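Shown next: start.txt, given as compact mmCIF, C-alpha atoms.
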# COMPACT_ATOMS: atom_id res chain seq x y z
CA MET G 1 -19.66 37.41 -29.93
CA ASP G 2 -22.45 34.79 -29.71
CA ARG G 3 -20.82 33.35 -26.60
CA VAL G 4 -20.32 36.75 -24.91
CA PHE G 5 -23.98 37.70 -25.45
CA HIS G 6 -25.04 34.25 -24.25
CA ALA G 7 -22.88 34.58 -21.12
CA LEU G 8 -24.49 37.96 -20.35
CA ALA G 9 -28.02 36.59 -20.86
CA ASP G 10 -28.13 35.44 -17.23
CA ALA G 11 -28.71 37.78 -14.27
CA THR G 12 -26.32 35.85 -11.97
CA ARG G 13 -23.48 35.95 -14.50
CA ARG G 14 -24.10 39.68 -15.06
CA ALA G 15 -23.95 40.18 -11.27
CA MET G 16 -20.61 38.28 -11.21
CA VAL G 17 -19.30 40.58 -13.97
CA GLU G 18 -20.58 43.64 -12.04
CA ARG G 19 -18.63 42.42 -9.00
CA LEU G 20 -15.44 41.57 -10.91
CA VAL G 21 -15.11 44.90 -12.77
CA ARG G 22 -14.60 46.42 -9.30
CA GLY G 23 -11.70 44.05 -8.56
CA PRO G 24 -10.65 40.39 -8.48
CA ALA G 25 -12.53 37.99 -6.21
CA SER G 26 -12.11 34.41 -5.10
CA VAL G 27 -14.70 31.78 -5.99
CA SER G 28 -15.77 31.60 -2.33
CA GLU G 29 -16.18 35.40 -2.16
CA LEU G 30 -18.40 35.23 -5.27
CA ALA G 31 -20.40 32.38 -3.72
CA ARG G 32 -20.89 34.36 -0.49
CA SER G 33 -21.89 37.64 -2.13
CA HIS G 34 -24.36 35.94 -4.49
CA ALA G 35 -25.63 33.41 -1.87
CA MET G 36 -24.74 30.50 -4.17
CA SER G 37 -23.03 27.15 -3.79
CA LEU G 38 -19.39 26.91 -4.90
CA GLN G 39 -20.57 24.43 -7.54
CA ALA G 40 -23.07 26.94 -9.00
CA VAL G 41 -20.36 29.64 -9.09
CA MET G 42 -17.99 27.23 -10.86
CA GLN G 43 -20.64 26.44 -13.50
CA HIS G 44 -21.27 30.13 -14.25
CA LEU G 45 -17.52 30.74 -14.18
CA GLN G 46 -17.01 28.11 -16.88
CA VAL G 47 -19.40 30.02 -19.19
CA LEU G 48 -17.71 33.36 -18.40
CA GLU G 49 -14.24 31.89 -18.98
CA ALA G 50 -15.24 30.11 -22.22
CA CYS G 51 -16.15 33.44 -23.86
CA GLY G 52 -13.10 35.24 -22.47
CA LEU G 53 -14.98 37.62 -20.13
CA VAL G 54 -13.25 36.22 -17.05
CA ARG G 55 -9.99 34.42 -16.35
CA SER G 56 -9.17 32.65 -13.13
CA GLU G 57 -6.02 31.32 -11.52
CA LYS G 58 -5.57 28.94 -8.66
CA VAL G 59 -2.87 29.61 -6.08
CA GLY G 60 -2.80 26.96 -3.36
CA ARG G 61 -6.44 26.26 -2.56
CA VAL G 62 -7.79 29.64 -3.65
CA ARG G 63 -9.08 30.28 -7.19
CA THR G 64 -9.14 34.03 -7.95
CA CYS G 65 -11.26 35.47 -10.79
CA HIS G 66 -10.37 38.54 -12.86
CA ILE G 67 -12.41 40.38 -15.47
CA GLU G 68 -11.05 40.62 -19.01
CA PRO G 69 -12.32 43.89 -20.50
CA GLN G 70 -11.88 43.15 -24.23
CA PRO G 71 -15.08 41.11 -24.80
CA LEU G 72 -17.12 43.82 -23.04
CA ARG G 73 -15.50 46.39 -25.35
CA SER G 74 -16.42 44.35 -28.46
CA VAL G 75 -20.05 44.10 -27.34
CA GLU G 76 -20.13 47.83 -26.55
CA GLU G 77 -18.74 48.63 -30.03
CA TRP G 78 -21.37 46.48 -31.71
CA ILE G 79 -24.21 48.16 -29.78
CA VAL G 80 -22.86 51.70 -30.28
CA ARG G 81 -22.59 51.12 -34.06
CA ARG G 82 -26.24 50.02 -34.15
CA ARG G 83 -27.31 53.08 -32.13
CA THR G 84 -25.33 55.35 -34.45
CA ASP G 85 -26.93 53.77 -37.54
CA TRP G 86 -30.34 54.25 -35.92
CA GLU G 87 -29.66 57.92 -35.06
CA ARG G 88 -28.38 58.59 -38.60
CA ARG G 89 -31.59 57.14 -39.96
CA LEU G 90 -33.66 59.39 -37.70
CA ASP G 91 -31.61 62.44 -38.85
CA ARG G 92 -32.22 61.53 -42.50
CA LEU G 93 -35.94 61.11 -41.82
CA GLY G 94 -35.95 64.53 -40.14
CA ASP G 95 -34.19 66.10 -43.13
CA GLN G 96 -36.66 64.48 -45.54
CA LEU G 97 -39.62 65.75 -43.53
CA ALA G 98 -38.11 69.27 -43.45
CA GLU G 99 -37.61 69.21 -47.24
CA ASP G 100 -41.05 67.78 -48.04
CA PRO G 101 -43.33 70.67 -49.09
CA ALA G 102 -46.39 68.72 -47.88
CA THR G 103 -45.18 68.87 -44.27
CA THR G 104 -43.94 72.48 -44.30
CA GLU G 105 -46.93 74.08 -45.96
CA MET U 1 -32.39 42.08 -20.08
CA ASP U 2 -31.81 38.28 -20.13
CA ARG U 3 -34.03 38.02 -23.19
CA VAL U 4 -32.35 40.91 -25.04
CA PHE U 5 -28.88 39.44 -24.50
CA HIS U 6 -30.20 36.00 -25.49
CA ALA U 7 -31.74 37.44 -28.68
CA LEU U 8 -28.41 39.06 -29.60
CA ALA U 9 -26.47 35.83 -28.96
CA ASP U 10 -27.15 34.69 -32.53
CA ALA U 11 -25.32 36.03 -35.59
CA THR U 12 -28.41 35.87 -37.82
CA ARG U 13 -30.53 37.83 -35.36
CA ARG U 14 -27.75 40.41 -34.95
CA ALA U 15 -27.63 40.71 -38.77
CA MET U 16 -31.41 41.28 -38.79
CA VAL U 17 -30.99 44.03 -36.16
CA GLU U 18 -28.12 45.54 -38.21
CA ARG U 19 -30.46 45.63 -41.21
CA LEU U 20 -33.47 47.04 -39.32
CA VAL U 21 -31.63 49.95 -37.65
CA ARG U 22 -31.18 51.29 -41.18
CA GLY U 23 -34.93 51.20 -41.86
CA PRO U 24 -38.03 48.96 -41.77
CA ALA U 25 -38.05 45.79 -43.89
CA SER U 26 -40.63 43.19 -44.82
CA VAL U 27 -40.20 39.57 -43.77
CA SER U 28 -39.53 38.59 -47.40
CA GLU U 29 -36.85 41.31 -47.75
CA LEU U 30 -35.16 39.97 -44.60
CA ALA U 31 -35.38 36.41 -45.98
CA ARG U 32 -33.84 37.52 -49.30
CA SER U 33 -30.99 39.56 -47.81
CA HIS U 34 -30.04 36.81 -45.33
CA ALA U 35 -30.66 33.92 -47.79
CA MET U 36 -33.11 32.29 -45.36
CA SER U 37 -36.53 30.70 -45.60
CA LEU U 38 -39.54 32.78 -44.55
CA GLN U 39 -40.08 30.24 -41.78
CA ALA U 40 -36.54 30.75 -40.41
CA VAL U 41 -37.00 34.54 -40.48
CA MET U 42 -40.32 34.21 -38.64
CA GLN U 43 -38.67 32.07 -35.94
CA HIS U 44 -35.90 34.61 -35.35
CA LEU U 45 -38.48 37.40 -35.50
CA GLN U 46 -40.43 35.77 -32.67
CA VAL U 47 -37.34 35.91 -30.44
CA LEU U 48 -36.63 39.54 -31.41
CA GLU U 49 -40.25 40.56 -30.81
CA ALA U 50 -40.51 38.70 -27.48
CA CYS U 51 -37.71 40.83 -25.99
CA GLY U 52 -39.02 44.06 -27.52
CA LEU U 53 -36.11 44.66 -29.93
CA VAL U 54 -38.39 44.48 -32.98
CA ARG U 55 -42.08 45.05 -33.61
CA SER U 56 -43.88 44.01 -36.77
CA GLU U 57 -47.21 44.83 -38.34
CA LYS U 58 -49.09 43.09 -41.10
CA VAL U 59 -50.84 45.16 -43.76
CA GLY U 60 -52.58 42.99 -46.35
CA ARG U 61 -50.17 40.16 -47.05
CA VAL U 62 -46.99 42.03 -46.10
CA ARG U 63 -45.51 41.92 -42.58
CA THR U 64 -43.15 44.86 -42.00
CA CYS U 65 -40.54 44.82 -39.21
CA HIS U 66 -39.30 47.88 -37.32
CA ILE U 67 -36.51 48.19 -34.76
CA GLU U 68 -37.38 49.38 -31.25
CA PRO U 69 -34.34 51.24 -29.91
CA GLN U 70 -35.07 51.11 -26.15
CA PRO U 71 -33.81 47.55 -25.43
CA LEU U 72 -30.55 48.34 -27.30
CA ARG U 73 -30.20 51.47 -25.14
CA SER U 74 -30.69 49.44 -21.92
CA VAL U 75 -28.00 46.97 -22.98
CA GLU U 76 -25.65 49.80 -23.95
CA GLU U 77 -26.17 51.47 -20.54
CA TRP U 78 -25.41 48.23 -18.70
CA ILE U 79 -22.17 47.72 -20.67
CA VAL U 80 -21.06 51.35 -20.36
CA ARG U 81 -21.56 51.24 -16.57
CA ARG U 82 -19.37 48.14 -16.36
CA ARG U 83 -16.67 49.78 -18.50
CA THR U 84 -16.78 52.90 -16.32
CA ASP U 85 -16.45 50.82 -13.13
CA TRP U 86 -13.49 49.00 -14.72
CA GLU U 87 -11.76 52.24 -15.74
CA ARG U 88 -12.32 53.75 -12.26
CA ARG U 89 -10.67 50.70 -10.77
CA LEU U 90 -7.67 51.05 -13.11
CA ASP U 91 -7.40 54.75 -12.14
CA ARG U 92 -7.41 53.84 -8.44
CA LEU U 93 -4.74 51.18 -9.04
CA GLY U 94 -2.65 53.79 -10.88
CA ASP U 95 -3.01 56.23 -7.98
CA GLN U 96 -2.03 53.55 -5.46
CA LEU U 97 1.07 52.64 -7.47
CA ALA U 98 2.05 56.31 -7.75
CA GLU U 99 1.69 56.75 -3.96
CA ASP U 100 3.52 53.54 -3.04
CA PRO U 101 7.12 54.45 -2.10
CA ALA U 102 8.31 50.98 -3.16
CA THR U 103 7.35 51.69 -6.78
CA THR U 104 8.56 55.31 -6.96
CA GLU U 105 12.00 54.77 -5.40
Representation of the structure as structure tokens:
Amino acid sequence: MDRVFHALADATRRAMVERLVRGPASVSELARSHAMSLQAVMQHLQVLEACGLVRSEKVGRVRTCHIEPQPLRSVEEWIVRRRTDWERRLDRLGDQLAEDPATTE
Amino acid sequence: MDRVFHALADATRRAMVERLVRGPASVSELARSHAMSLQAVMQHLQVLEACGLVRSEKVGRVRTCHIEPQPLRSVEEWIVRRRTDWERRLDRLGDQLAEDPATTE
């Protein structure tokens, strides 16, 4: 979880994820669409692969990158649970205010 | 966005967020419940405040921390959009497979 959040804490890596959820791409396609050197793409790719967000495979001279949806799902679940806890707390506060004679008088 | 993801890339800070979505807490309560020094809590608090996830106010000698839900919402929206793009792509792949005579014969 630490590593997934860390990987997403960079605008270029988020842009690579945004691209890859729409379909696989080669390293050179990623470099072109983000106006980066192949070396810079490879460095970001290492971070994305280390946390499981992306996997890549090399066939001949072309390395193709694919998104792996599970880490995104885990992060989404964590966030949604926090939002739900927060909304529950607001509901309880609302109920307490409604029951408090000082606020309804 | 970078700073919110960075702030959440630490298990202790995520635990502080988990605690604060359930209600405000003082710095010493956070230190007690996470078995940390006040200084360590203050350091994590600085990161959480810098990205807007938490605000704190000092009344007398007590500093009380509150969650701010908007940054969590922004992160949730980013993730949900990626998941939706991913699911759309899977749907399109499914449609293509269904239309491809080679797979239906």
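Counting all atoms listed in the file, the residue from U:Leu38, U:Asp10, U:Ser26, U:Gln96 that sits nearest to Val59 of chain U is U:Ser26.
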Output chain U, superimposed onto chain G using in-order Cα pairs, as a compact mmCIF listing (two decimals) with C-alpha atoms, in the frame of the given file:
# COMPACT_ATOMS: atom_id res chain seq x y z
CA MET U 1 -19.65 37.42 -29.91
CA ASP U 2 -22.46 34.80 -29.69
CA ARG U 3 -20.82 33.37 -26.58
CA VAL U 4 -20.33 36.77 -24.90
CA PHE U 5 -23.97 37.73 -25.43
CA HIS U 6 -25.05 34.26 -24.25
CA ALA U 7 -22.89 34.59 -21.11
CA LEU U 8 -24.50 37.96 -20.32
CA ALA U 9 -28.03 36.60 -20.84
CA ASP U 10 -28.14 35.45 -17.21
CA ALA U 11 -28.71 37.78 -14.25
CA THR U 12 -26.34 35.85 -11.96
CA ARG U 13 -23.50 35.97 -14.48
CA ARG U 14 -24.10 39.69 -15.06
CA ALA U 15 -23.95 40.18 -11.26
CA MET U 16 -20.62 38.29 -11.20
CA VAL U 17 -19.30 40.59 -13.96
CA GLU U 18 -20.59 43.64 -12.04
CA ARG U 19 -18.65 42.41 -9.00
CA LEU U 20 -15.44 41.57 -10.91
CA VAL U 21 -15.12 44.91 -12.74
CA ARG U 22 -14.59 46.41 -9.29
CA GLY U 23 -11.68 44.06 -8.54
CA PRO U 24 -10.63 40.38 -8.47
CA ALA U 25 -12.54 37.98 -6.21
CA SER U 26 -12.10 34.39 -5.11
CA VAL U 27 -14.69 31.76 -5.99
CA SER U 28 -15.76 31.58 -2.33
CA GLU U 29 -16.19 35.39 -2.16
CA LEU U 30 -18.39 35.23 -5.27
CA ALA U 31 -20.39 32.36 -3.72
CA ARG U 32 -20.87 34.34 -0.48
CA SER U 33 -21.87 37.63 -2.12
CA HIS U 34 -24.36 35.94 -4.48
CA ALA U 35 -25.62 33.41 -1.88
CA MET U 36 -24.73 30.50 -4.18
CA SER U 37 -23.02 27.15 -3.81
CA LEU U 38 -19.39 26.88 -4.90
CA GLN U 39 -20.57 24.42 -7.54
CA ALA U 40 -23.07 26.94 -8.99
CA VAL U 41 -20.36 29.63 -9.10
CA MET U 42 -17.98 27.24 -10.86
CA GLN U 43 -20.65 26.44 -13.49
CA HIS U 44 -21.27 30.12 -14.24
CA LEU U 45 -17.51 30.73 -14.18
CA GLN U 46 -17.03 28.11 -16.90
CA VAL U 47 -19.41 30.02 -19.18
CA LEU U 48 -17.71 33.35 -18.40
CA GLU U 49 -14.24 31.89 -18.98
CA ALA U 50 -15.24 30.11 -22.22
CA CYS U 51 -16.15 33.44 -23.85
CA GLY U 52 -13.10 35.24 -22.46
CA LEU U 53 -14.98 37.62 -20.13
CA VAL U 54 -13.25 36.22 -17.03
CA ARG U 55 -9.99 34.42 -16.37
CA SER U 56 -9.16 32.64 -13.13
CA GLU U 57 -6.01 31.31 -11.55
CA LYS U 58 -5.57 28.91 -8.67
CA VAL U 59 -2.87 29.58 -6.09
CA GLY U 60 -2.80 26.93 -3.37
CA ARG U 61 -6.43 26.23 -2.58
CA VAL U 62 -7.79 29.61 -3.67
CA ARG U 63 -9.08 30.27 -7.20
CA THR U 64 -9.13 34.01 -7.96
CA CYS U 65 -11.25 35.46 -10.79
CA HIS U 66 -10.37 38.54 -12.84
CA ILE U 67 -12.41 40.38 -15.46
CA GLU U 68 -11.05 40.61 -19.01
CA PRO U 69 -12.31 43.88 -20.49
CA GLN U 70 -11.88 43.15 -24.23
CA PRO U 71 -15.08 41.10 -24.80
CA LEU U 72 -17.12 43.82 -23.02
CA ARG U 73 -15.50 46.39 -25.34
CA SER U 74 -16.42 44.34 -28.45
CA VAL U 75 -20.04 44.11 -27.32
CA GLU U 76 -20.13 47.83 -26.52
CA GLU U 77 -18.74 48.66 -30.00
CA TRP U 78 -21.37 46.50 -31.70
CA ILE U 79 -24.20 48.19 -29.76
CA VAL U 80 -22.84 51.71 -30.26
CA ARG U 81 -22.57 51.13 -34.03
CA ARG U 82 -26.21 50.04 -34.13
CA ARG U 83 -27.29 53.10 -32.12
CA THR U 84 -25.31 55.38 -34.44
CA ASP U 85 -26.90 53.80 -37.53
CA TRP U 86 -30.33 54.27 -35.91
CA GLU U 87 -29.67 57.93 -35.08
CA ARG U 88 -28.36 58.60 -38.61
CA ARG U 89 -31.56 57.16 -39.98
CA LEU U 90 -33.67 59.40 -37.72
CA ASP U 91 -31.61 62.42 -38.86
CA ARG U 92 -32.22 61.52 -42.52
CA LEU U 93 -35.96 61.11 -41.84
CA GLY U 94 -35.96 64.54 -40.16
CA ASP U 95 -34.21 66.09 -43.16
CA GLN U 96 -36.68 64.47 -45.57
CA LEU U 97 -39.65 65.77 -43.57
CA ALA U 98 -38.15 69.27 -43.48
CA GLU U 99 -37.65 69.21 -47.28
CA ASP U 100 -41.09 67.78 -48.08
CA PRO U 101 -43.37 70.67 -49.13
CA ALA U 102 -46.43 68.73 -47.92
CA THR U 103 -45.18 68.87 -44.33
CA THR U 104 -43.90 72.47 -44.34
CA GLU U 105 -46.96 74.09 -45.93
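Closest approach to Phe5 of chain G among G:Ile67, G:Leu97, G:Val75, G:Val17: G:Val75, based on only C-alpha atoms.
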> Mind pulling up the distance from atom CA of Arg83 of chain G to atom CA of Leu20 of chain U?
Replying inline: 11.2 Å
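If you look at atom CA of Ala11 of chain U and atom CA of Arg19 of chain G, they are 28.2 Å away from each other.
Picture a line from atom CA of Arg63 of chain U to atom CA of Pro101 of chain G; it runs 29.6 Å.
The neighbours of Glu29 of chain G here are the residues that come within 12 Å of it, using all atoms listed in the file and leaving out any residue fewer than 3 positions away in the same chain; they are Met16, Arg19, Leu20, Gly23, Pro24, Ala25, Ser26, Arg32, Ser33, His34, Ala35, Met36, Ser37, Leu38, Val41, Val62, Arg63, Thr64 and Cys65 of chain G.
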> Within 7 Å of chain U, which residues of chain G show up when using only C-alpha atoms, listed as a ChimeraX atom specification?
Replying inline: /G:2-3,5-6,8-11,18,21-22,72,76,79,82,85-86,89
Select all residues near (-8.5, 37.2, -21.5) (cut-off 10 Å, inclusive, file coordinates), counting all atoms listed in the file, and output them as an mmCIF file with C-alpha atoms, in the frame of the given file.
data_model
loop_
_atom_site.group_PDB
_atom_site.id
_atom_site.type_symbol
_atom_site.label_atom_id
_atom_site.label_comp_id
_atom_site.auth_asym_id
_atom_site.auth_seq_id
_atom_site.Cartn_x
_atom_site.Cartn_y
_atom_site.Cartn_z
ATOM 1 C CA GLU G 49 -14.240 31.890 -18.980
ATOM 2 C CA ALA G 50 -15.240 30.110 -22.220
ATOM 3 C CA CYS G 51 -16.150 33.440 -23.860
ATOM 4 C CA GLY G 52 -13.100 35.240 -22.470
ATOM 5 C CA LEU G 53 -14.980 37.620 -20.130
ATOM 6 C CA VAL G 54 -13.250 36.220 -17.050
ATOM 7 C CA ARG G 55 -9.990 34.420 -16.350
ATOM 8 C CA SER G 56 -9.170 32.650 -13.130
ATOM 9 C CA HIS G 66 -10.370 38.540 -12.860
ATOM 10 C CA ILE G 67 -12.410 40.380 -15.470
ATOM 11 C CA GLU G 68 -11.050 40.620 -19.010
ATOM 12 C CA PRO G 69 -12.320 43.890 -20.500
ATOM 13 C CA GLN G 70 -11.880 43.150 -24.230
ATOM 14 C CA PRO G 71 -15.080 41.110 -24.800
#
Reconstructed N, CA and C atoms for segment 41-68 of chain U, given as an mmCIF file, in the frame of the given file:
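File rebuild38.cif, as written:
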data_model
loop_
_atom_site.group_PDB
_atom_site.id
_atom_site.type_symbol
_atom_site.label_atom_id
_atom_site.label_comp_id
_atom_site.auth_asym_id
_atom_site.auth_seq_id
_atom_site.Cartn_x
_atom_site.Cartn_y
_atom_site.Cartn_z
ATOM 1 N N VAL U 41 -36.907 33.128 -40.869
ATOM 2 C CA VAL U 41 -37.000 34.540 -40.480
ATOM 3 C C VAL U 41 -38.066 34.707 -39.412
ATOM 4 N N MET U 42 -39.230 34.066 -39.599
ATOM 5 C CA MET U 42 -40.320 34.210 -38.640
ATOM 6 C C MET U 42 -39.906 33.696 -37.253
ATOM 7 N N GLN U 43 -39.120 32.600 -37.234
ATOM 8 C CA GLN U 43 -38.670 32.070 -35.940
ATOM 9 C C GLN U 43 -37.752 33.059 -35.218
ATOM 10 N N HIS U 44 -36.788 33.614 -35.964
ATOM 11 C CA HIS U 44 -35.900 34.610 -35.350
ATOM 12 C C HIS U 44 -36.683 35.855 -34.940
ATOM 13 N N LEU U 45 -37.652 36.223 -35.772
ATOM 14 C CA LEU U 45 -38.480 37.400 -35.500
ATOM 15 C C LEU U 45 -39.228 37.240 -34.182
ATOM 16 N N GLN U 46 -39.714 36.028 -33.937
ATOM 17 C CA GLN U 46 -40.430 35.770 -32.670
ATOM 18 C C GLN U 46 -39.547 36.094 -31.471
ATOM 19 N N VAL U 47 -38.268 35.665 -31.549
ATOM 20 C CA VAL U 47 -37.340 35.910 -30.440
ATOM 21 C C VAL U 47 -37.084 37.416 -30.297
ATOM 22 N N LEU U 48 -36.911 38.100 -31.441
ATOM 23 C CA LEU U 48 -36.630 39.540 -31.410
ATOM 24 C C LEU U 48 -37.847 40.336 -30.924
ATOM 25 N N GLU U 49 -39.041 39.861 -31.257
ATOM 26 C CA GLU U 49 -40.250 40.560 -30.810
ATOM 27 C C GLU U 49 -40.512 40.299 -29.320
ATOM 28 N N ALA U 50 -40.225 39.059 -28.882
ATOM 29 C CA ALA U 50 -40.510 38.700 -27.480
ATOM 30 C C ALA U 50 -39.719 39.569 -26.511
ATOM 31 N N CYS U 51 -38.514 40.009 -26.907
ATOM 32 C CA CYS U 51 -37.710 40.830 -25.990
ATOM 33 C C CYS U 51 -37.867 42.313 -26.294
ATOM 34 N N GLY U 52 -38.721 42.651 -27.255
ATOM 35 C CA GLY U 52 -39.020 44.060 -27.520
ATOM 36 C C GLY U 52 -38.063 44.759 -28.461
ATOM 37 N N LEU U 53 -37.080 44.021 -29.023
ATOM 38 C CA LEU U 53 -36.110 44.660 -29.930
ATOM 39 C C LEU U 53 -36.745 45.027 -31.270
ATOM 40 N N VAL U 54 -37.768 44.287 -31.670
ATOM 41 C CA VAL U 54 -38.390 44.480 -32.980
ATOM 42 C C VAL U 54 -39.909 44.430 -32.783
ATOM 43 N N ARG U 55 -40.634 45.250 -33.530
ATOM 44 C CA ARG U 55 -42.080 45.050 -33.610
ATOM 45 C C ARG U 55 -42.413 44.887 -35.090
ATOM 46 N N SER U 56 -43.505 44.186 -35.374
ATOM 47 C CA SER U 56 -43.880 44.010 -36.770
ATOM 48 C C SER U 56 -45.372 44.238 -36.909
ATOM 49 N N GLU U 57 -45.779 44.649 -38.095
ATOM 50 C CA GLU U 57 -47.210 44.830 -38.340
ATOM 51 C C GLU U 57 -47.528 44.298 -39.728
ATOM 52 N N LYS U 58 -48.699 43.695 -39.838
ATOM 53 C CA LYS U 58 -49.090 43.090 -41.100
ATOM 54 C C LYS U 58 -50.141 43.974 -41.756
ATOM 55 N N VAL U 59 -49.853 44.405 -42.987
ATOM 56 C CA VAL U 59 -50.840 45.160 -43.760
ATOM 57 C C VAL U 59 -51.084 44.363 -45.038
ATOM 58 N N GLY U 60 -52.300 43.883 -45.217
ATOM 59 C CA GLY U 60 -52.580 42.990 -46.350
ATOM 60 C C GLY U 60 -51.771 41.722 -46.172
ATOM 61 N N ARG U 61 -50.948 41.392 -47.161
ATOM 62 C CA ARG U 61 -50.170 40.160 -47.050
ATOM 63 C C ARG U 61 -48.717 40.423 -46.663
ATOM 64 N N VAL U 62 -48.387 41.684 -46.381
ATOM 65 C CA VAL U 62 -46.990 42.030 -46.100
ATOM 66 C C VAL U 62 -46.794 42.343 -44.613
ATOM 67 N N ARG U 63 -45.860 41.619 -43.975
ATOM 68 C CA ARG U 63 -45.510 41.920 -42.580
ATOM 69 C C ARG U 63 -44.226 42.743 -42.587
ATOM 70 N N THR U 64 -44.311 43.950 -42.015
ATOM 71 C CA THR U 64 -43.150 44.860 -42.000
ATOM 72 C C THR U 64 -42.582 44.936 -40.585
ATOM 73 N N CYS U 65 -41.234 44.851 -40.509
ATOM 74 C CA CYS U 65 -40.540 44.820 -39.210
ATOM 75 C C CYS U 65 -39.841 46.154 -38.964
ATOM 76 N N HIS U 66 -39.927 46.625 -37.739
ATOM 77 C CA HIS U 66 -39.300 47.880 -37.320
ATOM 78 C C HIS U 66 -38.444 47.608 -36.089
ATOM 79 N N ILE U 67 -37.323 48.314 -35.981
ATOM 80 C CA ILE U 67 -36.510 48.190 -34.760
ATOM 81 C C ILE U 67 -37.158 49.025 -33.650
ATOM 82 N N GLU U 68 -36.988 48.580 -32.421
ATOM 83 C CA GLU U 68 -37.380 49.380 -31.250
ATOM 84 C C GLU U 68 -36.104 49.707 -30.495
#
